[in-house]
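> My file is data21.cif. It has mmCIF, C-alpha atoms:
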data_target
loop_
_atom_site.label_atom_id
_atom_site.label_comp_id
_atom_site.auth_asym_id
_atom_site.auth_seq_id
_atom_site.Cartn_x
_atom_site.Cartn_y
_atom_site.Cartn_z
CA MET A 657 0.00 0.00 0.00
CA THR A 658 1.35 3.42 -0.97
CA ILE A 659 2.07 5.73 1.96
CA ARG A 660 0.79 9.27 1.48
CA ALA A 661 1.48 12.53 3.30
CA ARG A 662 -1.74 12.38 5.33
CA ASP A 663 -0.66 8.95 6.61
CA LEU A 664 2.25 10.80 8.24
CA ASN A 665 -0.20 13.20 9.97
CA VAL A 666 0.58 16.20 7.75
CA PRO A 667 -2.30 18.66 8.34
CA PHE A 668 -3.18 20.05 4.92
CA ASP A 669 -5.92 22.62 4.34
CA GLY A 670 -9.17 21.84 2.55
CA THR A 671 -11.34 18.78 1.96
CA PRO A 672 -10.01 16.16 -0.48
CA GLY A 673 -12.19 14.04 -2.73
CA LYS A 674 -12.81 10.32 -2.34
CA TRP A 675 -9.40 9.27 -3.69
CA ASN A 676 -7.59 12.57 -3.06
CA ALA A 677 -6.51 12.39 -6.70
CA ILE A 678 -7.06 14.07 -10.05
CA THR A 679 -9.37 11.15 -10.86
CA ASP A 680 -11.87 12.55 -8.36
CA VAL A 681 -12.86 14.87 -11.21
CA PRO A 682 -15.57 12.82 -12.94
CA GLY A 683 -14.45 11.34 -16.24
CA VAL A 684 -10.70 11.87 -15.82
CA GLU A 685 -8.62 8.72 -16.36
CA VAL A 686 -4.89 8.24 -15.73
CA GLY A 687 -2.53 5.47 -16.83
CA PHE A 688 1.17 4.69 -16.34
CA THR A 689 3.93 2.80 -18.07
CA THR A 690 6.99 2.36 -15.84
CA VAL A 691 10.26 1.30 -17.48
CA ILE A 692 13.00 0.03 -15.15
CA SER A 693 15.87 -2.15 -16.37
CA GLY A 694 19.65 -2.49 -16.35
CA ASP A 695 22.33 -1.67 -13.80
CA GLU A 696 25.22 -0.56 -16.05
CA VAL A 697 26.50 -4.15 -15.93
CA SER A 698 23.59 -5.99 -17.49
CA GLY A 699 22.77 -2.95 -19.63
CA PRO A 700 22.13 0.81 -19.47
CA ALA A 701 20.30 1.94 -16.33
CA VAL A 702 16.79 2.75 -17.52
CA ARG A 703 14.62 4.54 -14.96
CA THR A 704 11.81 6.24 -16.80
CA GLY A 705 8.27 5.92 -18.16
CA VAL A 706 5.11 7.62 -19.39
CA THR A 707 2.08 9.09 -17.61
CA ALA A 708 -1.12 9.53 -19.62
CA ILE A 709 -4.11 11.69 -18.65
CA LEU A 710 -7.41 11.47 -20.56
CA PRO A 711 -9.56 14.50 -19.61
CA ARG A 712 -12.86 12.81 -20.53
CA GLY A 713 -11.65 9.22 -20.39
CA LYS A 714 -11.33 6.89 -23.35
CA SER A 715 -14.96 7.38 -24.31
CA GLY A 716 -14.61 11.16 -24.51
CA VAL A 717 -11.46 11.56 -26.60
CA GLY A 718 -12.04 14.25 -29.19
CA ILE A 719 -14.73 16.10 -27.22
CA PRO A 720 -13.12 19.48 -26.44
CA CYS A 721 -12.60 20.78 -22.92
CA ALA A 722 -12.14 24.46 -22.15
CA ALA A 723 -8.42 24.73 -21.39
CA ALA A 724 -5.46 27.03 -20.76
CA THR A 725 -1.73 26.90 -20.05
CA PHE A 726 0.69 28.90 -17.93
CA THR A 727 4.47 28.93 -17.59
CA LEU A 728 6.30 29.99 -14.43
CA ASN A 729 9.73 29.28 -15.95
CA GLY A 730 10.16 28.12 -19.52
CA ASN A 731 13.22 25.85 -19.36
CA GLY A 732 11.14 22.88 -20.52
CA GLU A 733 8.71 21.61 -23.13
CA MET A 734 4.98 21.02 -23.48
CA THR A 735 3.73 20.41 -27.01
CA GLY A 736 0.30 21.59 -28.15
CA ARG A 737 0.35 24.73 -26.01
CA ALA A 738 0.06 27.20 -28.87
CA TRP A 739 -3.25 25.72 -30.04
CA ILE A 740 -4.64 25.55 -26.51
CA ASP A 741 -3.80 29.21 -25.99
CA GLU A 742 -5.25 30.13 -29.38
CA SER A 743 -8.48 28.13 -29.21
CA GLY A 744 -9.04 27.87 -25.47
CA SER A 745 -9.72 24.16 -25.86
CA LEU A 746 -8.14 20.72 -25.48
CA SER A 747 -9.47 17.57 -27.13
CA THR A 748 -6.57 15.09 -27.02
CA PRO A 749 -4.87 13.09 -24.25
CA ILE A 750 -2.01 14.56 -22.21
CA ALA A 751 1.23 12.62 -21.71
CA ILE A 752 4.28 13.26 -19.52
CA THR A 753 7.71 11.65 -19.90
CA ASN A 754 11.43 12.53 -19.78
CA SER A 755 13.04 15.37 -21.71
CA HIS A 756 14.49 13.37 -24.59
CA SER A 757 11.46 11.15 -25.19
CA VAL A 758 8.87 13.80 -26.09
CA GLY A 759 9.05 12.92 -29.80
CA ASP A 760 8.50 9.20 -29.35
CA VAL A 761 5.63 9.74 -26.93
CA HIS A 762 4.04 12.28 -29.27
CA SER A 763 4.20 9.73 -32.09
CA GLY A 764 2.79 7.07 -29.78
CA VAL A 765 -0.20 9.25 -28.89
CA ILE A 766 -0.87 9.90 -32.60
CA ARG A 767 -0.72 6.16 -33.37
CA TRP A 768 -3.04 5.40 -30.44
CA LEU A 769 -5.53 7.99 -31.69
CA ALA A 770 -5.32 6.57 -35.21
CA GLN A 771 -6.20 3.13 -33.85
CA HIS A 772 -8.88 4.06 -31.32
CA ASN A 773 -10.22 7.46 -32.45
CA PRO A 774 -9.52 7.89 -36.15
CA GLU A 775 -12.23 10.54 -36.40
CA VAL A 776 -10.11 12.79 -34.19
CA LEU A 777 -7.37 12.62 -36.84
CA ALA A 778 -9.72 13.35 -39.73
CA GLN A 779 -8.04 16.75 -40.01
CA TRP A 780 -5.18 16.88 -37.50
CA ALA A 781 -4.36 16.51 -33.81
CA LEU A 782 -1.89 18.38 -31.65
CA PRO A 783 -1.33 16.17 -28.58
CA VAL A 784 -0.01 17.63 -25.35
CA VAL A 785 3.27 15.97 -24.32
CA ALA A 786 5.32 17.44 -21.47
CA GLU A 787 8.65 16.50 -19.90
CA THR A 788 11.02 16.79 -16.98
CA TRP A 789 14.69 15.75 -16.96
CA ASP A 790 15.64 12.41 -15.39
CA GLY A 791 19.26 12.21 -16.55
CA TYR A 792 20.72 11.86 -13.05
CA LEU A 793 19.18 8.39 -12.62
CA ASN A 794 18.16 7.45 -16.16
CA ASP A 795 20.14 6.84 -19.34
CA THR A 796 18.05 9.60 -20.87
CA ASN A 797 20.17 9.96 -24.00
CA GLY A 798 19.45 6.32 -24.79
CA GLN A 799 15.80 7.28 -25.47
CA HIS A 800 14.45 4.04 -24.05
CA VAL A 801 10.83 5.23 -24.06
CA THR A 802 9.07 4.04 -27.22
CA GLU A 803 5.78 4.67 -28.97
CA ALA A 804 4.59 1.36 -27.53
CA HIS A 805 5.15 2.64 -23.99
CA ALA A 806 3.00 5.70 -24.71
CA ARG A 807 0.24 3.54 -26.17
CA ALA A 808 0.40 1.21 -23.17
CA ALA A 809 -0.01 4.12 -20.73
CA LEU A 810 -3.08 5.29 -22.66
CA ASP A 811 -4.51 1.76 -22.71
CA ALA A 812 -3.99 1.50 -18.95
CA ALA A 813 -5.78 4.76 -18.16
CA ALA A 814 -8.56 4.36 -15.60
CA THR A 815 -10.35 6.20 -12.84
CA GLY A 816 -9.91 5.42 -9.13
CA PRO A 817 -6.96 5.75 -6.73
CA LEU A 818 -3.56 6.31 -8.33
CA ALA A 819 -0.06 5.03 -7.77
CA GLU A 820 2.47 7.74 -6.84
CA GLY A 821 6.21 8.20 -6.49
CA ASN A 822 8.42 6.08 -8.77
CA VAL A 823 5.80 5.45 -11.46
CA GLY A 824 5.15 6.53 -15.04
CA GLY A 825 6.97 9.60 -16.26
CA GLY A 826 7.98 10.33 -12.67
CA THR A 827 10.02 7.12 -12.30
CA GLY A 828 13.49 8.66 -12.50
CA MET A 829 12.74 12.11 -11.08
CA ASN A 830 14.14 13.91 -8.02
CA CYS A 831 12.55 16.67 -5.96
CA TYR A 832 14.18 19.05 -3.48
CA GLY A 833 17.24 16.78 -3.36
CA PHE A 834 15.12 13.76 -2.39
CA LYS A 835 13.62 11.09 -4.65
CA GLY A 836 10.63 12.66 -6.41
CA GLY A 837 8.16 11.54 -9.06
CA THR A 838 4.41 11.43 -9.61
CA GLY A 839 1.95 12.87 -7.10
CA THR A 840 -1.70 13.84 -7.01
CA SER A 841 -4.34 15.43 -4.80
CA SER A 842 -7.83 16.93 -5.02
CA ARG A 843 -10.17 19.34 -3.25
CA GLU A 844 -13.94 19.55 -3.02
CA VAL A 845 -15.30 23.06 -3.52
CA THR A 846 -18.86 24.08 -2.63
CA LEU A 847 -20.45 27.06 -4.35
CA GLY A 848 -23.99 27.58 -3.09
CA SER A 849 -25.87 24.37 -3.74
CA GLU A 850 -23.26 23.08 -6.21
CA LYS A 851 -20.23 20.96 -5.38
CA TYR A 852 -17.23 20.85 -7.70
CA THR A 853 -13.85 19.11 -7.63
CA VAL A 854 -10.39 20.49 -8.35
CA GLY A 855 -7.74 17.84 -9.05
CA VAL A 856 -4.00 18.11 -9.63
CA LEU A 857 -1.35 15.68 -10.90
CA VAL A 858 2.33 16.62 -10.73
CA GLN A 859 5.56 15.24 -12.13
CA ALA A 860 7.82 16.69 -9.44
CA ASN A 861 11.49 17.08 -10.31
CA HIS A 862 12.32 20.53 -8.98
CA GLY A 863 13.81 22.43 -6.05
CA SER A 864 16.95 22.41 -3.88
CA ARG A 865 17.26 20.56 -0.56
CA HIS A 866 17.61 23.70 1.55
CA GLU A 867 14.35 25.10 0.19
CA PHE A 868 12.03 22.24 1.09
CA GLU A 869 9.31 22.90 3.64
CA ILE A 870 6.19 21.08 4.79
CA ARG A 871 3.58 23.34 6.35
CA GLY A 872 6.25 25.88 7.30
CA HIS A 873 8.73 23.38 8.78
CA LYS A 874 12.24 23.38 7.26
CA VAL A 875 12.25 19.65 6.52
CA GLY A 876 14.93 19.75 3.83
CA ALA A 877 17.54 21.73 5.75
CA GLN A 878 17.05 19.56 8.84
CA SER A 879 16.99 16.16 7.14
CA SER A 880 19.69 13.58 7.78
CA ALA A 881 19.03 11.85 4.44
CA PRO A 882 22.03 11.88 2.06
CA CYS A 883 21.79 14.40 -0.79
CA PRO A 884 24.25 13.29 -3.48
CA ILE A 885 22.26 14.79 -6.37
CA PHE A 886 23.70 18.31 -6.17
CA GLU A 887 26.71 17.74 -3.88
CA THR A 888 29.11 18.22 -6.81
CA ASP A 889 28.84 20.55 -9.76
CA TRP A 890 29.76 17.96 -12.37
CA LEU A 891 28.64 14.46 -13.21
CA GLU A 892 30.91 12.20 -15.27
CA ARG A 893 29.26 10.39 -18.19
CA ASP A 894 31.05 8.88 -21.17
CA ARG A 895 33.88 11.42 -20.87
CA GLN A 896 31.32 14.23 -21.03
CA ARG A 897 30.61 16.52 -18.13
CA VAL A 898 26.99 17.49 -17.52
CA ARG A 899 26.21 20.53 -15.40
CA VAL A 900 23.55 19.89 -12.70
CA PRO A 901 22.85 23.16 -10.86
CA GLY A 902 20.90 23.10 -7.62
CA GLY A 903 17.17 23.51 -8.21
CA ALA A 904 17.35 22.17 -11.76
CA GLY A 905 14.93 19.62 -13.10
CA SER A 906 11.40 20.97 -13.70
CA ILE A 907 7.81 20.31 -12.66
CA ILE A 908 4.78 19.67 -14.82
CA VAL A 909 1.34 20.20 -13.29
CA ILE A 910 -1.94 19.01 -14.79
CA LEU A 911 -5.02 20.75 -13.35
CA ALA A 912 -8.55 19.39 -13.83
CA THR A 913 -11.97 20.52 -12.63
CA ASP A 914 -15.62 19.83 -13.35
CA ALA A 915 -16.58 23.42 -12.55
CA PRO A 916 -17.98 25.16 -15.65
CA LEU A 917 -15.42 27.77 -16.63
CA LEU A 918 -14.27 29.99 -19.48
CA PRO A 919 -10.72 29.47 -20.79
CA ASN A 920 -9.59 32.73 -19.17
CA GLN A 921 -10.89 31.48 -15.83
CA ILE A 922 -8.89 28.28 -16.24
CA LYS A 923 -5.87 30.43 -17.09
CA ALA A 924 -6.43 32.26 -13.80
CA MET A 925 -6.47 28.93 -11.98
CA THR A 926 -3.22 27.77 -13.60
CA ARG A 927 -1.63 31.05 -12.49
CA ARG A 928 -2.36 30.00 -8.89
CA ILE A 929 -0.40 26.73 -9.24
CA PRO A 930 2.91 28.46 -8.36
CA LEU A 931 1.37 29.64 -5.08
CA GLY A 932 0.87 26.00 -4.13
CA LEU A 933 4.41 25.12 -5.20
CA ALA A 934 5.80 28.02 -3.17
CA ARG A 935 4.21 26.63 0.01
CA ASN A 936 6.81 23.84 -0.21
CA GLY A 937 9.68 26.29 -0.69
CA THR A 938 10.60 26.54 -4.38
CA THR A 939 11.58 29.89 -5.79
CA GLY A 940 11.44 28.72 -9.41
CA SER A 941 15.00 27.99 -10.54
CA HIS A 942 16.22 29.28 -13.89
CA PHE A 943 17.09 25.68 -14.80
CA SER A 944 13.62 24.36 -13.98
CA GLY A 945 10.86 24.11 -16.58
CA ASP A 946 7.69 24.86 -14.62
CA ILE A 947 4.82 24.47 -17.09
CA PHE A 948 1.14 23.89 -16.36
CA VAL A 949 -2.03 23.00 -18.25
CA GLY A 950 -5.58 23.09 -16.91
CA PHE A 951 -8.95 22.01 -18.27
CA SER A 952 -12.63 21.84 -17.35
CA THR A 953 -14.75 18.80 -18.12
CA ALA A 954 -17.99 20.82 -17.89
CA ASN A 955 -19.91 22.10 -20.92
CA SER A 956 -19.52 18.81 -22.77
CA GLY A 957 -20.50 19.25 -26.41
CA SER A 958 -20.57 23.04 -26.23
CA LEU A 959 -17.20 23.57 -27.91
CA SER A 960 -17.08 22.88 -31.63
CA PRO A 961 -14.49 20.60 -33.28
CA ASN A 962 -11.90 22.23 -35.50
CA PHE A 963 -13.99 22.21 -38.68
CA PRO A 964 -17.71 22.98 -39.13
CA ASP A 965 -19.90 20.26 -40.59
CA ARG A 966 -22.69 22.56 -41.78
CA ALA A 967 -23.34 26.06 -43.02
CA PHE A 968 -23.44 28.64 -40.26
CA SER A 969 -26.79 29.80 -38.93
CA ALA A 970 -27.95 31.62 -35.81
CA GLU A 971 -29.36 28.33 -34.53
CA GLY A 972 -25.80 26.99 -34.53
CA LEU A 973 -24.56 29.45 -31.91
CA GLU A 974 -23.03 27.81 -28.85
CA THR A 975 -23.76 28.52 -25.21
CA LEU A 976 -21.32 28.08 -22.34
CA SER A 977 -22.22 28.16 -18.67
CA PHE A 978 -19.55 29.41 -16.29
CA VAL A 979 -19.02 30.27 -12.65
CA PRO A 980 -19.24 34.05 -12.17
CA TRP A 981 -15.82 35.60 -11.71
CA GLY A 982 -16.75 36.85 -8.25
CA TYR A 983 -17.05 33.27 -6.99
CA MET A 984 -13.68 32.02 -8.23
CA ASP A 985 -11.79 32.39 -4.95
CA SER A 986 -12.90 29.00 -3.60
CA LEU A 987 -11.61 27.34 -6.77
CA PHE A 988 -8.31 29.22 -6.41
CA ASP A 989 -8.07 27.89 -2.85
CA GLY A 990 -8.55 24.35 -4.17
CA VAL A 991 -5.76 24.76 -6.73
CA VAL A 992 -3.23 26.02 -4.17
CA GLN A 993 -4.11 23.39 -1.57
CA ALA A 994 -4.13 20.43 -3.98
CA THR A 995 -0.85 21.48 -5.61
CA GLU A 996 0.92 21.78 -2.26
CA GLU A 997 -0.24 18.32 -1.20
CA ALA A 998 0.41 16.61 -4.54
CA VAL A 999 4.12 17.49 -4.40
CA VAL A 1000 4.49 16.13 -0.86
CA ASN A 1001 2.54 13.00 -1.85
CA ALA A 1002 5.01 12.40 -4.68
CA MET A 1003 7.95 12.62 -2.27
CA VAL A 1004 6.38 10.54 0.50
CA ALA A 1005 5.43 7.76 -1.94
CA ALA A 1006 8.84 7.68 -3.63
CA THR A 1007 11.45 5.11 -2.60
CA ASP A 1008 15.25 5.08 -2.79
CA MET A 1009 16.63 4.48 -6.28
CA THR A 1010 20.04 3.70 -7.77
CA GLY A 1011 20.49 4.41 -11.44
CA ARG A 1012 22.89 5.69 -14.07
CA ASP A 1013 26.59 5.39 -13.19
CA GLY A 1014 25.58 4.24 -9.72
CA HIS A 1015 23.95 7.59 -8.91
CA GLU A 1016 21.73 7.36 -5.85
CA SER A 1017 18.61 9.27 -4.84
CA PHE A 1018 17.20 8.88 -1.34
CA ALA A 1019 13.56 9.20 -0.38
CA LEU A 1020 12.20 11.63 2.18
CA PRO A 1021 12.49 9.80 5.55
CA HIS A 1022 9.00 9.12 6.89
CA GLU A 1023 10.18 9.10 10.50
CA GLU A 1024 11.44 12.68 10.15
CA VAL A 1025 8.02 13.83 8.93
CA ARG A 1026 6.19 11.94 11.69
CA ALA A 1027 8.46 13.56 14.28
CA ILE A 1028 7.36 17.00 13.08
CA PHE A 1029 3.66 16.06 12.96
CA PRO A 1030 2.99 13.64 15.81
CA ALA A 1031 -0.48 12.06 15.93
#
Using the file provided, produce a representation of the structure as structure tokens.


Amino acid sequence: MTIRARDLNVPFDGTPGKWNAITDVPGVEVGFTTVISGDEVSGPAVRTGVTAILPRGKSGVGIPCAAATFTLNGNGEMTGRAWIDESGSLSTPIAITNSHSVGDVHSGVIRWLAQHNPEVLAQWALPVVAETWDGYLNDTNGQHVTEAHARAALDAAATGPLAEGNVGGGTGMNCYGFKGGTGTSSREVTLGSEKYTVGVLVQANHGSRHEFEIRGHKVGAQSSAPCPIFETDWLERDRQRVRVPGGAGSIIVILATDAPLLPNQIKAMTRRIPLGLARNGTTGSHFSGDIFVGFSTANSGSLSPNFPDRAFSAEGLETLSFVPWGYMDSLFDGVVQATEEAVVNAMVAATDMTGRDGHESFALPHEEVRAIFPA
């Protein structure tokens, strides 16, 4: 059973959903492919994978969601952003992997769509594929993630509770000088008689050890866990020297909600993601790609596909419902709270890992967290 931050008595704000995961947003499905092999003796150390998020599940691929993106620091990649920002919509799956496997995963998503949803490709598709760098633990230049791995993650997508830590695209990641990876959380938000859910999934690979806090406690600076990741400025690899500055790595955040919203309102929510990240200490390193995408699963069928299938008429006008701007603060609260918890969940669930060239990454010690937050 995966240990989560609340199991260590961490007192987060807000009310989580049933699974405390992005899948608490109705319709959202998530799947993982985890690729672990080799030890530099039996072969290259492969510590990587793919995470797939289907906003409306397998049955809703191609039905647009209102969507938006936001970048805190742009030292990273997320494909498909230009079209989301232009159209305010998202109709394809989202995938997350390592920095040098974006192309293969993108191709894998296209092939999966061609097999399962060929109508989506009748004109074109611009899948969203994001990355963070796992080259400390993974033979990332070997590009061991294939199209088949991307298709398998999409096939595995389901609702329900999610694995965290060393899974999917987060397999080889590090966070705040500890082992990092995949994390998720959710919040229930009540507006009048309506109840909505805000869910977040992170691929956490950012921050320096001295920055890390949990609920205001300087956990990173006080930890006795070894921190070999940034102890030296240079890592030796095949006679090449790779610079690894403190704080480098990146974080990708996927934000989902079933609240009916306009794209600009989703943009406003994605702008609050950094406030949740900051609660755990990060200041947004120059060498960290901090890129976020958000979507709403409400208003199903109210956003047109890319091409019209009939002549325009007044009867063809679309109508969108949306939460009035003056009531957005509760949704902003949910974003900040879920983001903060998702990062800590990723670190609590992660386990020690040895990878490329014998590099080691040590997990956040549970006993140190319990000592700060006794029952």

> For A:Glu996, which of A:Leu933, A:Val784, A:Met984, A:Met734 is the closest residue, counting only C-alpha atoms?

A:Leu933

> The PyMOL selection byres ((chain A and resi 828) around 9) - which residues does that actually catch in the file I just gave you? List them as a compact mmCIF listing (two decimals) with C-alpha atoms, in the frame of the given file.


# COMPACT_ATOMS: atom_id res chain seq x y z
CA VAL A 702 16.79 2.75 -17.52
CA ARG A 703 14.62 4.54 -14.96
CA THR A 704 11.81 6.24 -16.80
CA GLY A 705 8.27 5.92 -18.16
CA ASN A 754 11.43 12.53 -19.78
CA TRP A 789 14.69 15.75 -16.96
CA ASP A 790 15.64 12.41 -15.39
CA GLY A 791 19.26 12.21 -16.55
CA TYR A 792 20.72 11.86 -13.05
CA LEU A 793 19.18 8.39 -12.62
CA ASN A 794 18.16 7.45 -16.16
CA ASN A 822 8.42 6.08 -8.77
CA VAL A 823 5.80 5.45 -11.46
CA GLY A 824 5.15 6.53 -15.04
CA GLY A 825 6.97 9.60 -16.26
CA GLY A 826 7.98 10.33 -12.67
CA THR A 827 10.02 7.12 -12.30
CA MET A 829 12.74 12.11 -11.08
CA ASN A 830 14.14 13.91 -8.02
CA LYS A 835 13.62 11.09 -4.65
CA GLY A 836 10.63 12.66 -6.41
CA GLY A 837 8.16 11.54 -9.06
CA ASN A 861 11.49 17.08 -10.31
CA MET A 1009 16.63 4.48 -6.28
CA GLY A 1011 20.49 4.41 -11.44

> At what distance in Å, to one decimal, does atom CA of A:Thr840 lie from atom CA of A:Leu931?

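Here the two named atoms are 16.2 Å from each other.
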
> So, counting only C-alpha atoms, which residue among A:Ile870, A:Ile752, A:Ala770, A:Val979 is closest to A:Ala809?

A:Ile752

> Using atom CA of A:Asn1001 and atom CA of A:Ile659 as the two end points, give the distance in Å to one decimal.

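Result for atom CA of A:Asn1001 versus atom CA of A:Ile659: 8.2 Å, one decimal.
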
> Can you list, as a list of chain:residue names, every protein, DNA or RNA residue that comes within 6 Å of A:Gly833 when you count only C-alpha atoms, leaving out same-chain residues fewer than 5 positions away?

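Near A:Gly833, the qualifying residues are A:Ser864, A:Arg865, A:Cys883.
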
> Find the distance between atom CA of A:Leu911 and atom CA of A:Val854 and write it in Å to one decimal.

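Value for the atom CA of A:Leu911-atom CA of A:Val854 distance: 7.3 Å.
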